[in-house]
>>> print(open('input18.cif').read())   # mmCIF, C-alpha atoms and all ligand atoms
data_input
#
loop_
_atom_site.label_atom_id
_atom_site.label_comp_id
_atom_site.auth_asym_id
_atom_site.auth_seq_id
_atom_site.Cartn_x
_atom_site.Cartn_y
_atom_site.Cartn_z
CA MET A 12 -27.96 28.66 -6.63
CA ALA A 13 -24.65 27.58 -8.18
CA LYS A 14 -22.08 28.60 -5.58
CA PRO A 15 -18.58 28.13 -6.84
CA ILE A 16 -17.07 29.86 -9.83
CA SER A 17 -13.86 27.98 -9.16
CA VAL A 18 -13.78 24.39 -7.97
CA VAL A 19 -10.75 23.77 -5.79
CA ILE A 20 -10.34 20.59 -3.73
CA GLY A 21 -7.16 19.48 -2.00
CA GLY A 22 -5.45 22.56 -3.46
CA GLN A 23 -6.21 21.47 -7.04
CA SER A 24 -8.60 23.32 -9.28
CA VAL A 25 -10.95 21.63 -11.71
CA ALA A 26 -11.88 23.47 -14.90
CA PRO A 27 -15.32 23.40 -16.58
CA GLY A 28 -15.69 20.23 -18.65
CA GLU A 29 -12.95 18.46 -16.68
CA SER A 30 -13.13 15.19 -14.74
CA ARG A 31 -10.35 14.59 -12.28
CA THR A 32 -9.33 12.25 -9.47
CA ILE A 33 -7.87 14.16 -6.52
CA ASP A 34 -6.18 12.40 -3.64
CA VAL A 35 -6.77 14.63 -0.63
CA GLU A 36 -3.93 14.18 1.81
CA LEU A 37 -4.82 12.86 5.28
CA PRO A 38 -2.61 12.44 8.36
CA GLY A 39 -0.42 9.39 7.66
CA LEU A 40 -0.34 6.05 9.45
CA TYR A 41 2.14 5.29 12.22
CA THR A 42 3.97 3.05 9.79
CA GLN A 43 4.69 6.31 7.95
CA ALA A 44 2.53 5.15 5.04
CA GLU A 45 0.94 8.13 3.33
CA THR A 46 -2.86 8.25 3.49
CA HIS A 47 -5.24 9.86 1.03
CA MET A 48 -8.98 10.27 0.62
CA PRO A 49 -9.81 9.71 -3.06
CA VAL A 50 -12.20 12.27 -4.54
CA GLN A 51 -13.60 12.21 -8.06
CA VAL A 52 -14.73 15.58 -9.39
CA ILE A 53 -16.83 15.75 -12.54
CA ARG A 54 -17.48 19.30 -13.68
CA GLY A 55 -19.80 20.02 -16.60
CA LEU A 56 -19.18 22.71 -19.17
CA LYS A 57 -22.47 24.33 -18.24
CA LYS A 58 -23.11 25.99 -14.90
CA GLY A 59 -25.25 24.21 -12.37
CA PRO A 60 -25.36 23.18 -8.72
CA ARG A 61 -22.58 21.42 -6.92
CA MET A 62 -23.49 18.21 -5.12
CA PHE A 63 -21.39 15.88 -3.03
CA VAL A 64 -22.09 12.20 -2.65
CA SER A 65 -20.19 10.34 0.06
CA GLY A 66 -19.78 6.74 1.19
CA VAL A 67 -18.04 4.74 3.91
CA ILE A 68 -18.24 7.38 6.66
CA HIS A 69 -18.63 4.23 8.71
CA GLY A 70 -15.60 2.22 7.58
CA ASP A 71 -17.41 -1.11 7.16
CA GLU A 72 -20.52 0.16 5.31
CA LEU A 73 -19.52 -0.61 1.75
CA ASN A 74 -22.64 -0.29 -0.44
CA GLY A 75 -22.03 3.45 -0.84
CA MET A 76 -18.62 2.84 -2.38
CA GLU A 77 -20.18 0.62 -5.06
CA ILE A 78 -23.11 3.00 -5.62
CA ILE A 79 -20.61 5.80 -6.28
CA ARG A 80 -18.53 3.63 -8.63
CA ARG A 81 -21.62 2.86 -10.71
CA VAL A 82 -22.84 6.48 -10.65
CA LEU A 83 -19.45 7.67 -11.92
CA ASN A 84 -19.71 5.25 -14.85
CA HIS A 85 -23.30 6.17 -15.63
CA ASN A 86 -23.84 7.29 -19.23
CA SER A 87 -26.02 10.22 -18.28
CA LEU A 88 -23.10 12.02 -16.58
CA LYS A 89 -21.90 13.06 -20.04
CA ARG A 90 -24.67 15.65 -19.91
CA ILE A 91 -23.90 16.98 -16.45
CA LYS A 92 -24.40 20.64 -15.54
CA GLY A 93 -22.55 21.90 -12.49
CA THR A 94 -20.22 19.70 -10.46
CA LEU A 95 -20.46 16.28 -8.87
CA VAL A 96 -17.97 15.69 -6.06
CA ALA A 97 -17.88 11.97 -5.27
CA VAL A 98 -16.08 10.62 -2.21
CA PRO A 99 -16.44 6.82 -2.18
CA ILE A 100 -14.43 6.30 1.02
CA VAL A 101 -14.49 9.06 3.64
CA ASN A 102 -13.32 6.99 6.60
CA VAL A 103 -10.22 5.60 4.93
CA TYR A 104 -8.78 4.47 8.27
CA GLY A 105 -11.86 2.48 9.27
CA CYS A 106 -12.12 0.94 5.82
CA ILE A 107 -8.52 -0.33 6.02
CA ASN A 108 -9.40 -2.00 9.32
CA ARG A 109 -12.85 -3.17 8.07
CA SER A 110 -14.26 -1.35 11.06
CA ARG A 111 -17.07 1.19 11.57
CA TYR A 112 -14.77 3.31 13.73
CA LEU A 113 -11.53 5.21 13.43
CA PRO A 114 -8.38 3.78 15.02
CA ASP A 115 -9.00 6.10 17.99
CA GLY A 116 -12.27 4.23 18.64
CA ARG A 117 -14.46 7.17 17.65
CA ASP A 118 -17.47 7.15 15.37
CA LEU A 119 -16.85 9.70 12.61
CA ASN A 120 -20.56 10.42 12.32
CA ARG A 121 -20.70 11.66 15.93
CA VAL A 122 -17.96 14.30 15.76
CA PHE A 123 -19.10 16.70 13.00
CA PRO A 124 -18.34 19.50 12.21
CA GLY A 125 -14.99 18.56 13.76
CA SER A 126 -11.98 20.68 14.57
CA PRO A 127 -8.44 21.01 13.16
CA ARG A 128 -7.08 20.63 16.71
CA GLY A 129 -9.42 17.87 17.88
CA SER A 130 -9.20 14.08 17.98
CA MET A 131 -8.19 12.02 14.97
CA ALA A 132 -11.87 11.60 14.04
CA SER A 133 -12.60 15.28 14.65
CA ARG A 134 -9.76 16.33 12.31
CA LEU A 135 -11.06 14.09 9.52
CA ALA A 136 -14.59 15.47 10.02
CA HIS A 137 -13.24 19.02 9.85
CA LEU A 138 -11.29 18.32 6.67
CA PHE A 139 -14.34 16.71 5.03
CA MET A 140 -16.53 19.68 5.97
CA GLN A 141 -14.04 22.24 4.66
CA GLU A 142 -13.01 20.50 1.47
CA ILE A 143 -16.26 18.88 0.42
CA VAL A 144 -19.43 19.82 2.30
CA LEU A 145 -19.28 23.58 2.81
CA ASN A 146 -18.62 24.25 -0.87
CA SER A 147 -21.60 22.17 -1.99
CA ASP A 148 -25.19 23.19 -2.68
CA TYR A 149 -26.56 19.68 -1.98
CA GLY A 150 -25.36 16.39 -0.56
CA ILE A 151 -26.19 12.70 -0.32
CA ASP A 152 -24.50 10.48 2.26
CA LEU A 153 -24.69 6.72 1.72
CA HIS A 154 -24.87 4.20 4.58
CA THR A 155 -25.89 0.65 5.45
CA ALA A 156 -27.11 -0.74 8.74
CA GLY A 157 -24.40 -0.99 11.38
CA GLY A 158 -23.33 -3.99 13.44
CA HIS A 159 -25.00 -7.23 12.42
CA ARG A 160 -28.13 -5.57 11.14
CA ASP A 161 -29.79 -5.21 7.78
CA ASN A 162 -31.78 -2.21 6.49
CA LEU A 163 -34.55 -1.91 3.93
CA PRO A 164 -33.51 0.83 1.47
CA GLN A 165 -34.73 4.12 2.96
CA VAL A 166 -33.89 7.80 2.96
CA ARG A 167 -33.73 9.87 6.10
CA MET A 168 -34.39 13.55 5.94
CA SER A 169 -35.25 16.49 8.09
CA PRO A 170 -38.34 18.44 7.01
CA ASP A 171 -36.73 21.74 8.17
CA ILE A 172 -35.20 22.43 4.75
CA PRO A 173 -37.94 22.09 2.10
CA ALA A 174 -35.48 21.22 -0.70
CA THR A 175 -34.66 17.96 1.09
CA GLN A 176 -38.30 16.88 0.72
CA ASP A 177 -38.11 17.18 -3.06
CA MET A 178 -34.80 15.34 -3.06
CA ALA A 179 -36.24 12.58 -0.87
CA GLN A 180 -39.28 12.11 -3.12
CA ALA A 181 -37.06 12.10 -6.22
CA PHE A 182 -34.67 9.50 -4.75
CA GLY A 183 -37.35 6.82 -5.05
CA ALA A 184 -36.56 4.69 -2.00
CA PRO A 185 -39.62 2.81 -0.72
CA VAL A 186 -39.52 4.55 2.68
CA ILE A 187 -38.83 8.16 3.67
CA LEU A 188 -38.15 8.60 7.35
CA ASN A 189 -38.43 12.10 8.79
CA ALA A 190 -35.78 11.17 11.29
CA ASP A 191 -34.61 13.26 14.21
CA LEU A 192 -31.18 14.74 13.66
CA ARG A 193 -28.49 12.92 15.55
CA ASP A 194 -26.31 15.40 17.36
CA ARG A 195 -22.93 15.97 15.71
CA SER A 196 -23.73 13.79 12.69
CA LEU A 197 -22.76 14.91 9.19
CA ARG A 198 -26.45 15.46 8.42
CA HIS A 199 -26.74 17.71 11.46
CA ALA A 200 -23.66 19.74 10.49
CA ALA A 201 -24.71 20.06 6.83
CA LEU A 202 -28.23 21.18 7.67
CA LYS A 203 -26.90 23.66 10.23
CA ALA A 204 -24.81 25.10 7.40
CA GLY A 205 -27.99 25.33 5.28
CA ILE A 206 -27.05 22.57 2.84
CA PRO A 207 -29.92 20.22 1.94
CA MET A 208 -28.68 16.70 2.53
CA LEU A 209 -30.19 13.24 2.34
CA LEU A 210 -28.97 10.16 4.13
CA TYR A 211 -29.57 6.88 2.31
CA GLU A 212 -29.55 3.58 4.21
CA GLY A 213 -29.72 0.15 2.63
CA GLY A 214 -28.28 -3.30 3.24
CA ALA A 215 -25.74 -4.49 5.77
CA ALA A 216 -22.12 -3.81 6.71
CA LEU A 217 -19.20 -5.65 5.06
CA SER A 218 -21.28 -6.85 2.13
CA TYR A 219 -22.82 -5.69 -1.14
CA ASP A 220 -26.60 -5.75 -1.42
CA GLU A 221 -27.55 -5.68 -5.10
CA VAL A 222 -31.06 -4.28 -4.65
CA ALA A 223 -29.87 -1.57 -2.24
CA ILE A 224 -27.01 -0.67 -4.61
CA ARG A 225 -29.30 -0.44 -7.65
CA ALA A 226 -31.79 1.66 -5.71
CA GLY A 227 -28.94 3.90 -4.53
CA VAL A 228 -27.60 4.45 -8.06
CA ARG A 229 -31.06 5.21 -9.36
CA GLY A 230 -31.64 7.50 -6.38
CA VAL A 231 -28.49 9.60 -6.84
CA ILE A 232 -29.14 10.01 -10.57
CA SER A 233 -32.79 10.91 -9.94
CA VAL A 234 -31.82 13.57 -7.39
CA MET A 235 -29.35 15.03 -9.91
CA ARG A 236 -32.23 15.27 -12.39
CA GLU A 237 -34.45 16.87 -9.73
CA ILE A 238 -31.94 19.65 -8.86
CA GLY A 239 -31.09 20.44 -12.48
CA MET A 240 -27.70 18.73 -12.81
CA LEU A 241 -29.01 16.27 -15.41
CA PRO A 242 -31.82 16.57 -17.94
CA ARG A 243 -35.17 15.38 -16.69
CA VAL A 244 -36.53 12.27 -18.33
CA ARG A 245 -40.11 11.55 -19.20
CA LYS A 246 -41.77 10.44 -15.99
CA LYS A 247 -41.65 6.70 -15.63
CA LYS A 248 -44.13 4.99 -13.38
CA SER A 249 -42.43 5.78 -10.08
CA ILE A 250 -43.34 4.45 -6.69
CA LEU A 251 -44.98 6.63 -4.12
CA PRO A 252 -42.72 6.26 -1.07
CA LEU A 253 -44.12 5.39 2.34
CA VAL A 254 -43.50 8.41 4.59
CA SER A 255 -42.96 7.95 8.30
CA SER A 256 -42.31 10.45 11.07
CA ARG A 257 -41.75 7.95 13.85
CA SER A 258 -39.90 4.71 14.26
CA GLY A 259 -38.83 2.50 17.12
CA TRP A 260 -37.15 -0.77 18.00
CA THR A 261 -38.72 -3.96 19.25
CA ARG A 262 -36.17 -5.45 21.63
CA ALA A 263 -35.35 -8.96 22.81
CA PRO A 264 -37.55 -9.87 25.80
CA ASP A 265 -35.05 -12.56 26.85
CA SER A 266 -31.54 -13.85 26.07
CA GLY A 267 -31.08 -16.88 23.84
CA VAL A 268 -31.08 -18.14 20.30
CA PHE A 269 -33.15 -15.99 17.97
CA ARG A 270 -35.20 -17.10 14.95
CA ASN A 271 -36.59 -14.45 12.63
CA HIS A 272 -40.02 -15.16 11.15
CA SER A 273 -40.40 -11.86 9.32
CA ARG A 274 -38.72 -10.10 6.41
CA LEU A 275 -37.58 -6.56 5.69
CA GLY A 276 -40.30 -4.47 4.08
CA GLU A 277 -43.07 -6.55 5.66
CA ILE A 278 -46.07 -4.55 6.86
CA VAL A 279 -46.60 -5.67 10.46
CA LYS A 280 -49.34 -5.13 13.01
CA LYS A 281 -48.79 -4.33 16.70
CA GLY A 282 -48.65 -7.59 18.65
CA GLN A 283 -47.77 -9.69 15.58
CA VAL A 284 -45.20 -12.41 16.30
CA LEU A 285 -42.02 -11.41 14.44
CA GLY A 286 -39.71 -14.12 15.75
CA ARG A 287 -38.89 -16.39 18.66
CA ILE A 288 -36.10 -16.74 21.22
CA SER A 289 -35.34 -19.98 23.00
CA HIS A 290 -32.75 -21.89 25.00
CA PRO A 291 -30.29 -23.51 22.55
CA ILE A 292 -31.88 -26.92 23.34
CA GLY A 293 -35.27 -25.53 22.38
CA HIS A 294 -37.15 -25.02 25.63
CA ASP A 295 -38.19 -21.77 27.33
CA GLU A 296 -39.33 -20.37 24.00
CA VAL A 297 -40.68 -16.80 23.99
CA GLU A 298 -42.43 -14.96 21.20
CA ILE A 299 -41.23 -11.54 20.09
CA LYS A 300 -44.25 -9.34 19.42
CA ALA A 301 -44.17 -6.12 17.38
CA LYS A 302 -44.30 -3.08 19.65
CA ARG A 303 -46.05 -1.01 16.97
CA SER A 304 -47.71 -1.32 13.56
CA GLY A 305 -45.83 -0.20 10.48
CA VAL A 306 -43.22 -1.26 7.97
CA LEU A 307 -40.20 -3.31 9.03
CA ILE A 308 -37.20 -1.20 7.97
CA GLY A 309 -34.38 -2.88 9.90
CA CYS A 310 -33.59 -6.09 11.72
CA THR A 311 -30.72 -8.00 13.26
CA ARG A 312 -29.04 -10.78 11.27
CA LEU A 313 -27.41 -12.49 14.26
CA PRO A 314 -29.20 -15.49 15.77
CA LEU A 315 -27.55 -14.80 19.17
CA VAL A 316 -29.25 -12.17 21.30
CA HIS A 317 -29.11 -10.78 24.80
CA GLU A 318 -32.15 -9.44 26.61
CA GLY A 319 -32.74 -5.83 25.56
CA GLU A 320 -30.96 -6.04 22.22
CA ALA A 321 -32.58 -4.19 19.32
CA LEU A 322 -34.08 -6.78 16.94
CA PHE A 323 -36.70 -5.14 14.73
CA HIS A 324 -36.87 -1.51 13.57
CA ILE A 325 -40.44 -0.55 12.65
CA ALA A 326 -41.46 2.74 11.02
CA THR A 327 -44.99 3.87 11.86
CA LEU A 328 -47.30 4.58 8.91
CA LYS A 329 -50.51 6.60 8.84
CA GLU A 330 -52.06 4.14 6.44
CA LEU A 331 -51.15 0.45 6.23
CA ASP A 332 -53.47 -0.27 3.31
CA GLY A 333 -51.58 -0.34 0.03
CA ALA A 334 -48.19 -0.21 1.76
CA THR A 335 -47.36 -3.76 0.68
CA ASP A 336 -47.88 -2.73 -2.96
CA THR A 337 -45.24 0.00 -2.60
CA ILE A 338 -42.69 -2.49 -1.28
CA ASP A 339 -43.55 -5.03 -4.00
CA GLN A 340 -43.26 -2.40 -6.73
CA PHE A 341 -39.89 -1.31 -5.38
CA HIS A 342 -38.50 -4.85 -5.39
CA GLU A 343 -39.89 -5.46 -8.87
CA ALA A 344 -38.20 -2.34 -10.18
CA HIS A 345 -34.78 -3.07 -8.67
CA SER A 346 -34.41 -6.83 -8.69
CA PRO A 347 -31.57 -8.03 -10.94
CA GLU A 348 -34.06 -10.22 -12.85
CA GLN A 349 -35.50 -7.05 -14.36
CA GLU A 350 -32.21 -6.21 -16.04
CA GLY A 351 -33.17 -7.85 -19.34
CA ASP A 352 -36.43 -5.90 -19.38
CA LEU A 353 -34.63 -2.63 -18.72
CA ARG A 354 -32.25 -3.27 -21.60
CA ARG A 355 -35.14 -4.03 -23.92
CA LYS A 356 -36.73 -0.73 -22.95
CA GLY A 357 -33.50 1.01 -23.93
CA GLU A 358 -32.84 2.25 -20.42
CA PRO A 359 -29.18 2.31 -19.44
CA PRO A 360 -28.35 -0.51 -17.06
CA VAL A 361 -27.63 0.66 -13.55
CA PHE A 362 -24.57 -1.48 -12.91
ZN ZN A 401 -23.59 4.31 8.84
#
>>> encode(input="input18.cif", output="structure tokens", more="lines below")
Ligand SMILES: [Zn+2]
Amino acid sequence: MAKPISVVIGGQSVAPGESRTIDVELPGLYTQAETHMPVQVIRGLKKGPRMFVSGVIHGDELNGMEIIRRVLNHNSLKRIKGTLVAVPIVNVYGCINRSRYLPDGRDLNRVFPGSPRGSMASRLAHLFMQEIVLNSDYGIDLHTAGGHRDNLPQVRMSPDIPATQDMAQAFGAPVILNADLRDRSLRHAALKAGIPMLLYEGGAALSYDEVAIRAGVRGVISVMREIGMLPRVRKKKSILPLVSSRSGWTRAPDSGVFRNHSRLGEIVKKGQVLGRISHPIGHDEVEIKAKRSGVLIGCTRLPLVHEGEALFHIATLKELDGATDTIDQFHEAHSPEQEGDLRRKGEPPVF
């Protein structure tokens, strides 16, 4: 299983037992400022798998950066087997501009596997594939909702590679979505190359969401335990994730000012009123009714909507009974108020 005997990234090799920051050189800015993608490599003395964890592929989705920072400072990494390759900011250009996109207007997650002679985005995708992804045995890519939306913590996986199912269960997010592969996404390219990869979504762009960050840290560490990079711990009471194979958006039936009457993680029934849209003065009010039953995994945060805009993302569930308990247990386990309890139990804090 463990692929590399040597670990070489950006032309620098990392020896067993070594932890090193490598600045992988990227094409510079037009100001002639040099640009680098920071990569932290932690290699254990003992052999084991190699896993990458990446954040900020979309330049304004910042939770992943903080999840990686906390993972890298996690006590348990002292006992690592194999190699963790952590890339907190993949889309350095977008992050500088606080934008989802690259300066050429392209979405990095729609140009994988990229090409050394392609567009600016395509070249970055190619470099990331060559330096990071293709030398890994596993991967986790960290995202938040895009635009002005918010996501319930969730992992997206493709059932085609069985190992991703075990990773998804181990991650411990409240929802697992067997999502269709988006053409030319990193997940698509990694799975085509036979590398089991999870995509984690949680929170919103340009902000930190404490619950989503804590769940992300716990998730990455749990996956490392699952694939043999860290010792397993005695099974704590873990949540049984809600698994969904289908999801869809409920869209704005009219343009106007939007009021949300629901909350992320709520179990909703088809036809249930999730919010209302009205004229700014208050008349011509219309109800927004759920297009399907399931768990609310994403919603818009903007009160201004045009007809047809995606407002509520609902994942279908086979069984609605008991689903609320899963969401409640998840929030209980990851809310900052539990920190004192975790310390008392002797568990390392996740921040
Ligand atoms: Zn994203």
>>> residues_around(input="input18.cif", residues="A:Gly205", least_positions_apart="6", cutoff="10 Å", atoms="all atoms listed in the file", output="list in words")
Leu145, Asp148, Tyr149, Asp171, Ile172 and His199 of chain A
>>> residues_near_ligand(input="input18.cif", ligand="ligand ZN 401 (chain A)", cutoff="10 Å", atoms="only C-alpha atoms and all ligand atoms", output="PDB file with C-alpha atoms, keeping the file's coordinate frame")
ATOM      1  CA  GLY A  66     -19.780   6.740   1.190  1.00  0.00           C
ATOM      2  CA  VAL A  67     -18.040   4.740   3.910  1.00  0.00           C
ATOM      3  CA  ILE A  68     -18.240   7.380   6.660  1.00  0.00           C
ATOM      4  CA  HIS A  69     -18.630   4.230   8.710  1.00  0.00           C
ATOM      5  CA  GLY A  70     -15.600   2.220   7.580  1.00  0.00           C
ATOM      6  CA  ASP A  71     -17.410  -1.110   7.160  1.00  0.00           C
ATOM      7  CA  GLU A  72     -20.520   0.160   5.310  1.00  0.00           C
ATOM      8  CA  LEU A  73     -19.520  -0.610   1.750  1.00  0.00           C
ATOM      9  CA  GLY A  75     -22.030   3.450  -0.840  1.00  0.00           C
ATOM     10  CA  ARG A 111     -17.070   1.190  11.570  1.00  0.00           C
ATOM     11  CA  ASP A 118     -17.470   7.150  15.370  1.00  0.00           C
ATOM     12  CA  LEU A 119     -16.850   9.700  12.610  1.00  0.00           C
ATOM     13  CA  ASN A 120     -20.560  10.420  12.320  1.00  0.00           C
ATOM     14  CA  ASP A 152     -24.500  10.480   2.260  1.00  0.00           C
ATOM     15  CA  LEU A 153     -24.690   6.720   1.720  1.00  0.00           C
ATOM     16  CA  HIS A 154     -24.870   4.200   4.580  1.00  0.00           C
ATOM     17  CA  THR A 155     -25.890   0.650   5.450  1.00  0.00           C
ATOM     18  CA  ALA A 156     -27.110  -0.740   8.740  1.00  0.00           C
ATOM     19  CA  GLY A 157     -24.400  -0.990  11.380  1.00  0.00           C
ATOM     20  CA  GLY A 158     -23.330  -3.990  13.440  1.00  0.00           C
ATOM     21  CA  LEU A 210     -28.970  10.160   4.130  1.00  0.00           C
ATOM     22  CA  TYR A 211     -29.570   6.880   2.310  1.00  0.00           C
ATOM     23  CA  GLU A 212     -29.550   3.580   4.210  1.00  0.00           C
ATOM     24  CA  GLY A 213     -29.720   0.150   2.630  1.00  0.00           C
ATOM     25  CA  ALA A 215     -25.740  -4.490   5.770  1.00  0.00           C
ATOM     26  CA  ALA A 216     -22.120  -3.810   6.710  1.00  0.00           C
TER      27      ALA A 216
END
>>> atom_distance(input="input18.cif", atom1="atom CA of A:Pro127", atom2="atom CA of A:Met76")
26.0 Å
>>> residues_around(input="input18.cif", residues="A:Gly183", least_positions_apart="4", cutoff="8 Å", atoms="all atoms listed in the file", output="count of residues only")
9
>>> residues_around(input="input18.cif", residues="A:Val122", least_positions_apart="3", cutoff="10 Å", atoms="all atoms listed in the file", output="ChimeraX atom specification")
/A:117-119,125-126,129-130,132-137,194-197,200
>>> build_atoms(input="input18.cif", residues="stretch 72-88 of chain A", atoms="N, CA, C and O atoms", output="mmCIF file, keeping the file's coordinate frame")
data_model
loop_
_atom_site.group_PDB
_atom_site.id
_atom_site.type_symbol
_atom_site.label_atom_id
_atom_site.label_comp_id
_atom_site.auth_asym_id
_atom_site.auth_seq_id
_atom_site.Cartn_x
_atom_site.Cartn_y
_atom_site.Cartn_z
ATOM 1 N N GLU A 72 -19.249 0.082 6.045
ATOM 2 C CA GLU A 72 -20.520 0.160 5.310
ATOM 3 C C GLU A 72 -20.207 0.421 3.845
ATOM 4 O O GLU A 72 -19.991 1.555 3.422
ATOM 5 N N LEU A 73 -20.181 -0.648 3.053
ATOM 6 C CA LEU A 73 -19.520 -0.610 1.750
ATOM 7 C C LEU A 73 -20.445 -0.330 0.561
ATOM 8 O O LEU A 73 -19.956 0.002 -0.522
ATOM 9 N N ASN A 74 -21.753 -0.490 0.721
ATOM 10 C CA ASN A 74 -22.640 -0.290 -0.440
ATOM 11 C C ASN A 74 -22.415 1.056 -1.116
ATOM 12 O O ASN A 74 -22.462 1.161 -2.337
ATOM 13 N N GLY A 75 -22.179 2.094 -0.296
ATOM 14 C CA GLY A 75 -22.030 3.450 -0.840
ATOM 15 C C GLY A 75 -20.862 3.551 -1.810
ATOM 16 O O GLY A 75 -20.939 4.259 -2.815
ATOM 17 N N MET A 76 -19.802 2.841 -1.505
ATOM 18 C CA MET A 76 -18.620 2.840 -2.380
ATOM 19 C C MET A 76 -18.998 2.303 -3.765
ATOM 20 O O MET A 76 -18.614 2.861 -4.784
ATOM 21 N N GLU A 77 -19.769 1.224 -3.786
ATOM 22 C CA GLU A 77 -20.180 0.620 -5.060
ATOM 23 C C GLU A 77 -21.226 1.479 -5.775
ATOM 24 O O GLU A 77 -21.202 1.599 -7.003
ATOM 25 N N ILE A 78 -22.114 2.097 -5.000
ATOM 26 C CA ILE A 78 -23.110 3.000 -5.620
ATOM 27 C C ILE A 78 -22.364 4.121 -6.347
ATOM 28 O O ILE A 78 -22.669 4.451 -7.493
ATOM 29 N N ILE A 79 -21.357 4.684 -5.680
ATOM 30 C CA ILE A 79 -20.610 5.800 -6.280
ATOM 31 C C ILE A 79 -19.851 5.324 -7.526
ATOM 32 O O ILE A 79 -19.834 5.999 -8.556
ATOM 33 N N ARG A 80 -19.249 4.148 -7.460
ATOM 34 C CA ARG A 80 -18.530 3.630 -8.630
ATOM 35 C C ARG A 80 -19.473 3.528 -9.832
ATOM 36 O O ARG A 80 -19.128 3.907 -10.947
ATOM 37 N N ARG A 81 -20.677 3.024 -9.595
ATOM 38 C CA ARG A 81 -21.620 2.860 -10.710
ATOM 39 C C ARG A 81 -22.143 4.216 -11.199
ATOM 40 O O ARG A 81 -22.346 4.415 -12.387
ATOM 41 N N VAL A 82 -22.373 5.143 -10.251
ATOM 42 C CA VAL A 82 -22.840 6.480 -10.650
ATOM 43 C C VAL A 82 -21.784 7.135 -11.554
ATOM 44 O O VAL A 82 -22.109 7.719 -12.590
ATOM 45 N N LEU A 83 -20.517 7.006 -11.158
ATOM 46 C CA LEU A 83 -19.450 7.670 -11.920
ATOM 47 C C LEU A 83 -19.313 7.100 -13.328
ATOM 48 O O LEU A 83 -18.775 7.745 -14.216
ATOM 49 N N ASN A 84 -19.772 5.866 -13.514
ATOM 50 C CA ASN A 84 -19.710 5.250 -14.850
ATOM 51 C C ASN A 84 -21.029 5.345 -15.598
ATOM 52 O O ASN A 84 -21.183 4.758 -16.664
ATOM 53 N N HIS A 85 -21.969 6.074 -15.020
ATOM 54 C CA HIS A 85 -23.300 6.170 -15.630
ATOM 55 C C HIS A 85 -23.245 7.063 -16.860
ATOM 56 O O HIS A 85 -22.676 8.149 -16.821
ATOM 57 N N ASN A 86 -23.849 6.579 -17.945
ATOM 58 C CA ASN A 86 -23.840 7.290 -19.230
ATOM 59 C C ASN A 86 -24.346 8.717 -19.140
ATOM 60 O O ASN A 86 -23.833 9.612 -19.802
ATOM 61 N N SER A 87 -25.357 8.916 -18.302
ATOM 62 C CA SER A 87 -26.020 10.220 -18.280
ATOM 63 C C SER A 87 -25.088 11.326 -17.782
ATOM 64 O O SER A 87 -25.347 12.501 -18.019
ATOM 65 N N LEU A 88 -23.990 10.963 -17.105
ATOM 66 C CA LEU A 88 -23.100 12.020 -16.580
ATOM 67 C C LEU A 88 -22.424 12.818 -17.686
ATOM 68 O O LEU A 88 -21.873 13.886 -17.427
#
